[in-house]
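Scroll down for the structure; my scribbles are underneath it.
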Amino acid sequence: MTFRMELIKNLNPQQQQAVMAEAGPVLVLAGPGSGKTRVLTQRIAFLIRVKKVKPYSIMAVTFTNKAAREMESRVVGLVGDYNRGLTLGTFHAICARILRREAEHLPFESNYVIFDEDDQLGVVKHALRDLNLDEKNNRPAPIHAAISNAKNELLLPENFPVQHYRDEVVRRVYERYQQLLLVNNALDFDDLLLWAVRLFEEHPEVREKYARRFEHILVDEFQDTNIAQYLLLKHLASFHRNIFVVGDTDQSIYRWRGADYRNVLRFEKDFPDAQVVMLEQNYRSTQAILDVAMAVINRHPQRRPKYLFTDRGAGLRVTLREVYDDRAEAAFVLDSIVDMVRREQAQPGDFAMMYRTNAQSRLLEEAFLAAGLPYKLVGAQRFYGRREVKDIIAYMRLVHNPNDELSLTRIINVPPRGIGDKTYLALRTLAQKLSLSPGELLLEIGREPEALNLAGLPGRSGANLARFGGWQVKWAALKASASPLVLMDQILEDIDYRSYIDDGSEEGADRWANVMELRRIAFEAQDKGLEGFLEQVALVSDQDTLETTAKVPTMLTLHAAKGLEFPVVFILGLNDGTLPHSRSFDDIEEMMEERRLFYVGITRAKDRLFLVYSQNRSAYGYPEPVDPSRFLDDIPYELIEEEQPAVLRRGVKSEAASHDALWGAAARTSPKRQIANQQIYHPGMNVFHPTYGDGMVLNSRLEGDDEVVDVFFADLGMKRLVASLARLEIKT
DNA sequence: ATGGACAATGTTTTT
DNA sequence: CATTGTCCAT
């Protein structure tokens with residue numbers, strides 16, 4: 001069989017049309033679960049193996065690293081190592097690479113660092129201070145958001161439209177913000193795109209070079225592009241015009257980040273000769289789920305009608321469930337999951353719990369922890385947001401780029417080494433006088449400690465600075481010859497970070513474990529060099545850290561769920577104010593986006609979908625009565641089944657034996673686990689719980705087929721546990 | 001310079 | 001309510 005036949009044999013006619021489309025612009029409108037990733041990867045394989053296009057001349061762009069990795073492995077699966085030379089990555093990563101290569105045309109050095117969200121906020125605060133604006137009246141976060149939006153629309157400070165006083169504040173902060181970034185030789189996320197576009201617009205010969213090189217450009221999730229990304233693509237495609245974009249306007253959920261689904265319309269206008277292919281057949285969900293999805297999205301005005309169909313069959317009706325409050329919500333989900341696993345209707349890894357805001361994961365986590373059941377959580381307390389992780393990265397960034405003052409101020413006194421505000425200020429003043437950055441001055445001092453005397457920084461504080469400078473010199477020497485790992489180890493040793501962070505408490509051990517995790521990442525990035533390592537850690541998101549290995553239920557936001565699928569999905573907190581979020585109420589566009597978000601969640605489900613709302617919800621502190629989501633009104637009654645509260649139903653006991661096998665690790669590690677026919681815990685017993693530690697039984701009773709035990713833990717106080725699930729050990 | 005105690009303040013989604 | 005920042009005492 002020819003490769004071509006091999007490639008297309010599992011594709012439906014529309015998919016084939018897309019994969020084998022002739023050169024020129026192509027717009028693929030793909031509904032959820034219609035195989036769009038497949039179309040993209042097969043298209044790449046088709047170009048390489050059938051059309052004999054050099055991988056070097058192909059660029060494929062995604063939004064997340066995870067999507068990029070996924071695509072990469074699938075392309076490799078299709079064409080083996082014929083993929084060598086292929087440019088495949090996120091918008092940000094691809095731009096970062098171009099900007100390093102073309103730094104000579106740009107106002108920063110090629111060893112620039114990428115500032116993350118926290119750093120960016122730090123720069124805004126710094127700018128506010130420089131402009132004598134106070135943070136109370138000028139909150140940094142909204143100002144930063146305004147700056148970011150401006151950048152996404154390619155508005156420079158000098159063009160920033162000023163209508164109110166507030167705009168003027170933003171404009172001035174923006175101006176200062178950009179100056180500070182350049183002083184630090186740093187770029188923020190938006191800059192990566194902005195500078196790339198400016199590079200192409202201001203240096204036609206550079207644009208020409210890249211436009212000629214990339215004969216084919218393929219774009220995933222096109223509806224999420226912002227203006228900067230759209231223009232970037234247009235420039236890149238300006239020579240060959242072979243641009244193949246795949247998207248679904250109904251799944252556009254990043255408006256707040258500057259994404260503009262109207263880029264799809266713009267594309268049709270800018271490329272009037274574009275072939276348009278519609279992928280409508282759904283291979284993921286049952287028809288029952290698709291019907292609900294359509295009921296929700298069809299209320300969306302002004303959109304191209306799309307009919308979702310599947311040959312997977314009707315399936316079970318979608319379940320709608322009302323609960324008393326958000327605690328009951330968590331309990332309902334947990335009970336349902338346990339029940340379905342026991343009945344062998346699903347495996348633990350089949351479940352996803354989706355919610356609007358990260359904060360909603362907390363009660364879920366508590367419920368799972370209390371039951372002693374494993375789960376995985378996407379995002380939320382971000383690994384790269386951890387203090388210890390940021391500290392070590394700041395050290396390495398400083399070594400890579402001594403001008404990075406933000407990193408320097410972060411760690412110059414971490415761990416405490418007697419360099420306080422006063423000393424740092426003196427250093428900074430001197431540096432300014434010598435027109436050096438503080439980091440460069442420290443390097444000087446490290447090389448020649450006597451220089452300090454000239455500066456009037458003698459004595460203990462001077463010695464402290466000299467010691468730090470000495471390290472910097474040593475580390476700088478190391479970065480040329482050694483891997484990121486060796487450098488990191490040397491830093492950790494010199495600053496004795498472990499004794500600072502690991503104070504013997506459980507939290508300390510945790511922190512140190514995070515440092516070791518970062519060390520592992522450095523180990524894996526050995527051959528990337530320091531620059532590559534830093535770029536990688538700056539551009540990975542926490543969404544990317546979802547490992548697919550552990551077969552346990554997943555908790556994630558609706559945003560994080562895009563592009564994923566699960567056999568059983570729970571969408572939680574379907575209340576007005578949560579979904580749609582209250583901050584969207586007064587904006588029609590935003591309300592439509594909330595609706596699309598709901599739609600994205602619904603269409604993640606393959607077999608079962610549970611929609612849950614509660615009567616009361618704790619905003620912060622106190623529970624308040626809330627209304628069901630207005631989106632629920634749009635689902636016809638006959639499409640749903642309202643489930644009655646029935647937590648543990650009959651028949652559970654007889655099936656409980658299989659529970660062990662299905663519910664994996666948690667069950668196996670519980671030595672005393674058993675089904676309660678009689679009470680085994682009694683008041684006064686000393687028990688041990690793997691998470692909570694030592695405790696004493698206060699009370700216990702049989703409930704249904706299980707035993708409910710109230711335990712007082714030394715560290716946490718009272719907890720109510722279910723005996724069959726909590727890994728309780730009785731101590732003699 | 002450092003660490004603790006208190007207050008204020010604020011909750012959407014993230015490359 | 002839980003985090004973050006500010007002030008104050010050592």
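Identifiers for the structure tokens are assigned positionally: chains receive A, B, ... in sequence, residues are indexed from 1 per chain, and ligands are indexed from 1 in the order shown.
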
| Residue neighbourhood C:DC8, 10 Å, only C-alpha atoms (C1' of nucleotides), exclusion window fewer than 3 positions, as a ChimeraX atom specification | /B:4-6

Take the residues from that selection and put them in a file with N, CA and C atoms (P, O5', C5', C4', C3', O3' and C1' of nucleotides), as a compact mmCIF listing (two decimals), in the first residue's frame.
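Saved file selection-v4.txt follows:
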# COMPACT_ATOMS: atom_id res chain seq x y z
P DG B 4 9.28 34.10 62.91
O5' DG B 4 8.17 34.70 63.88
C5' DG B 4 8.51 35.27 65.15
C4' DG B 4 7.56 36.40 65.46
C3' DG B 4 6.09 36.05 65.19
O3' DG B 4 5.34 36.21 66.38
C1' DG B 4 6.68 38.15 64.18
P DA B 5 3.85 35.67 66.43
O5' DA B 5 3.03 37.03 66.32
C5' DA B 5 3.26 38.08 67.26
C4' DA B 5 2.42 39.30 66.84
C3' DA B 5 0.96 38.94 66.52
O3' DA B 5 0.10 39.87 67.15
C1' DA B 5 1.97 40.06 64.67
P DC B 6 -1.49 39.59 67.19
O5' DC B 6 -2.06 40.68 66.18
C5' DC B 6 -1.78 42.06 66.39
C4' DC B 6 -1.92 42.78 65.07
C3' DC B 6 -3.30 42.65 64.44
O3' DC B 6 -3.98 43.89 64.55
C1' DC B 6 -1.54 42.39 62.82

| request: Find the residues around A:Leu639 up to 7 Å (only C-alpha atoms (C1' of nucleotides) counted), leave out those fewer than 5 positions away in its own chain, and share them as a VMD selection string. | output: chain A and resid 292 317 to 318

| task | Apply DSSP to the structure's backbone, then extract all residues of stretch 455-631 of chain A labelled alpha helix (DSSP H) and return them as a PyMOL selection string. | result | chain A and resi 455+459-481+484-495+497-501+506-524+529-539+558-561+588-602

| query | Which residue, A:Met354, A:Ala463, A:Ile289, A:Ala359, has the smallest gap to chain C when you use only C-alpha atoms (C1' of nucleotides)? | reply | A:Ala359

Given only C-alpha atoms (C1' of nucleotides), how would the per-residue table for chain C near chain A read, listing every residue at most 12 Å away with its closest atom pair and distance in Å to one decimal, sorted by chain and number, as CSV?
residue,atom,partner,partner_atom,distance
C:DC1,C1',A:Gly621,CA,5.7
C:DA2,C1',A:Tyr620,CA,9.6
C:DG5,C1',A:Glu135,CA,11.4

| query | Which residue gives the smallest distance to chain B among A:Met353, A:Leu99, A:Ala141, A:Ala328, with only C-alpha atoms (C1' of nucleotides) counted? | reply | A:Ala141

| said: Using only C-alpha atoms (C1' of nucleotides), I'd like every residue of chain B that has an atom within 7 Å of chain A; please write them out as a ChimeraX atom specification. | reply: /B:1,12-13,15

Written file, previous selection with N, CA, C and O atoms (P, O5', C5', C4', C3', O3' and C1' of nucleotides), as a compact mmCIF listing (two decimals), in the first residue's frame:
# COMPACT_ATOMS: atom_id res chain seq x y z
P DA B 1 20.37 46.46 56.81
O5' DA B 1 20.15 45.32 57.92
C5' DA B 1 21.20 44.40 58.18
C4' DA B 1 20.64 43.13 58.71
C3' DA B 1 19.67 42.40 57.79
O3' DA B 1 19.82 41.01 58.03
C1' DA B 1 18.50 43.11 59.71
P DT B 12 -11.12 37.35 40.15
O5' DT B 12 -11.71 36.30 39.08
C5' DT B 12 -12.47 35.26 39.45
C4' DT B 12 -11.99 34.00 38.81
C3' DT B 12 -10.50 33.80 38.54
O3' DT B 12 -10.25 32.42 38.58
C1' DT B 12 -11.64 34.20 36.51
P DT B 13 -8.93 31.78 38.31
O5' DT B 13 -9.15 31.60 36.77
C5' DT B 13 -9.14 30.30 36.21
C4' DT B 13 -9.34 30.42 34.74
C3' DT B 13 -8.05 30.64 33.97
O3' DT B 13 -7.58 29.38 33.57
C1' DT B 13 -9.83 31.99 33.13
P DT B 15 -0.71 28.36 30.41
O5' DT B 15 0.01 28.70 29.03
C5' DT B 15 -0.65 28.46 27.80
C4' DT B 15 -0.04 29.37 26.75
C3' DT B 15 1.48 29.32 26.62
O3' DT B 15 1.82 29.34 25.24
C1' DT B 15 0.81 31.52 27.02
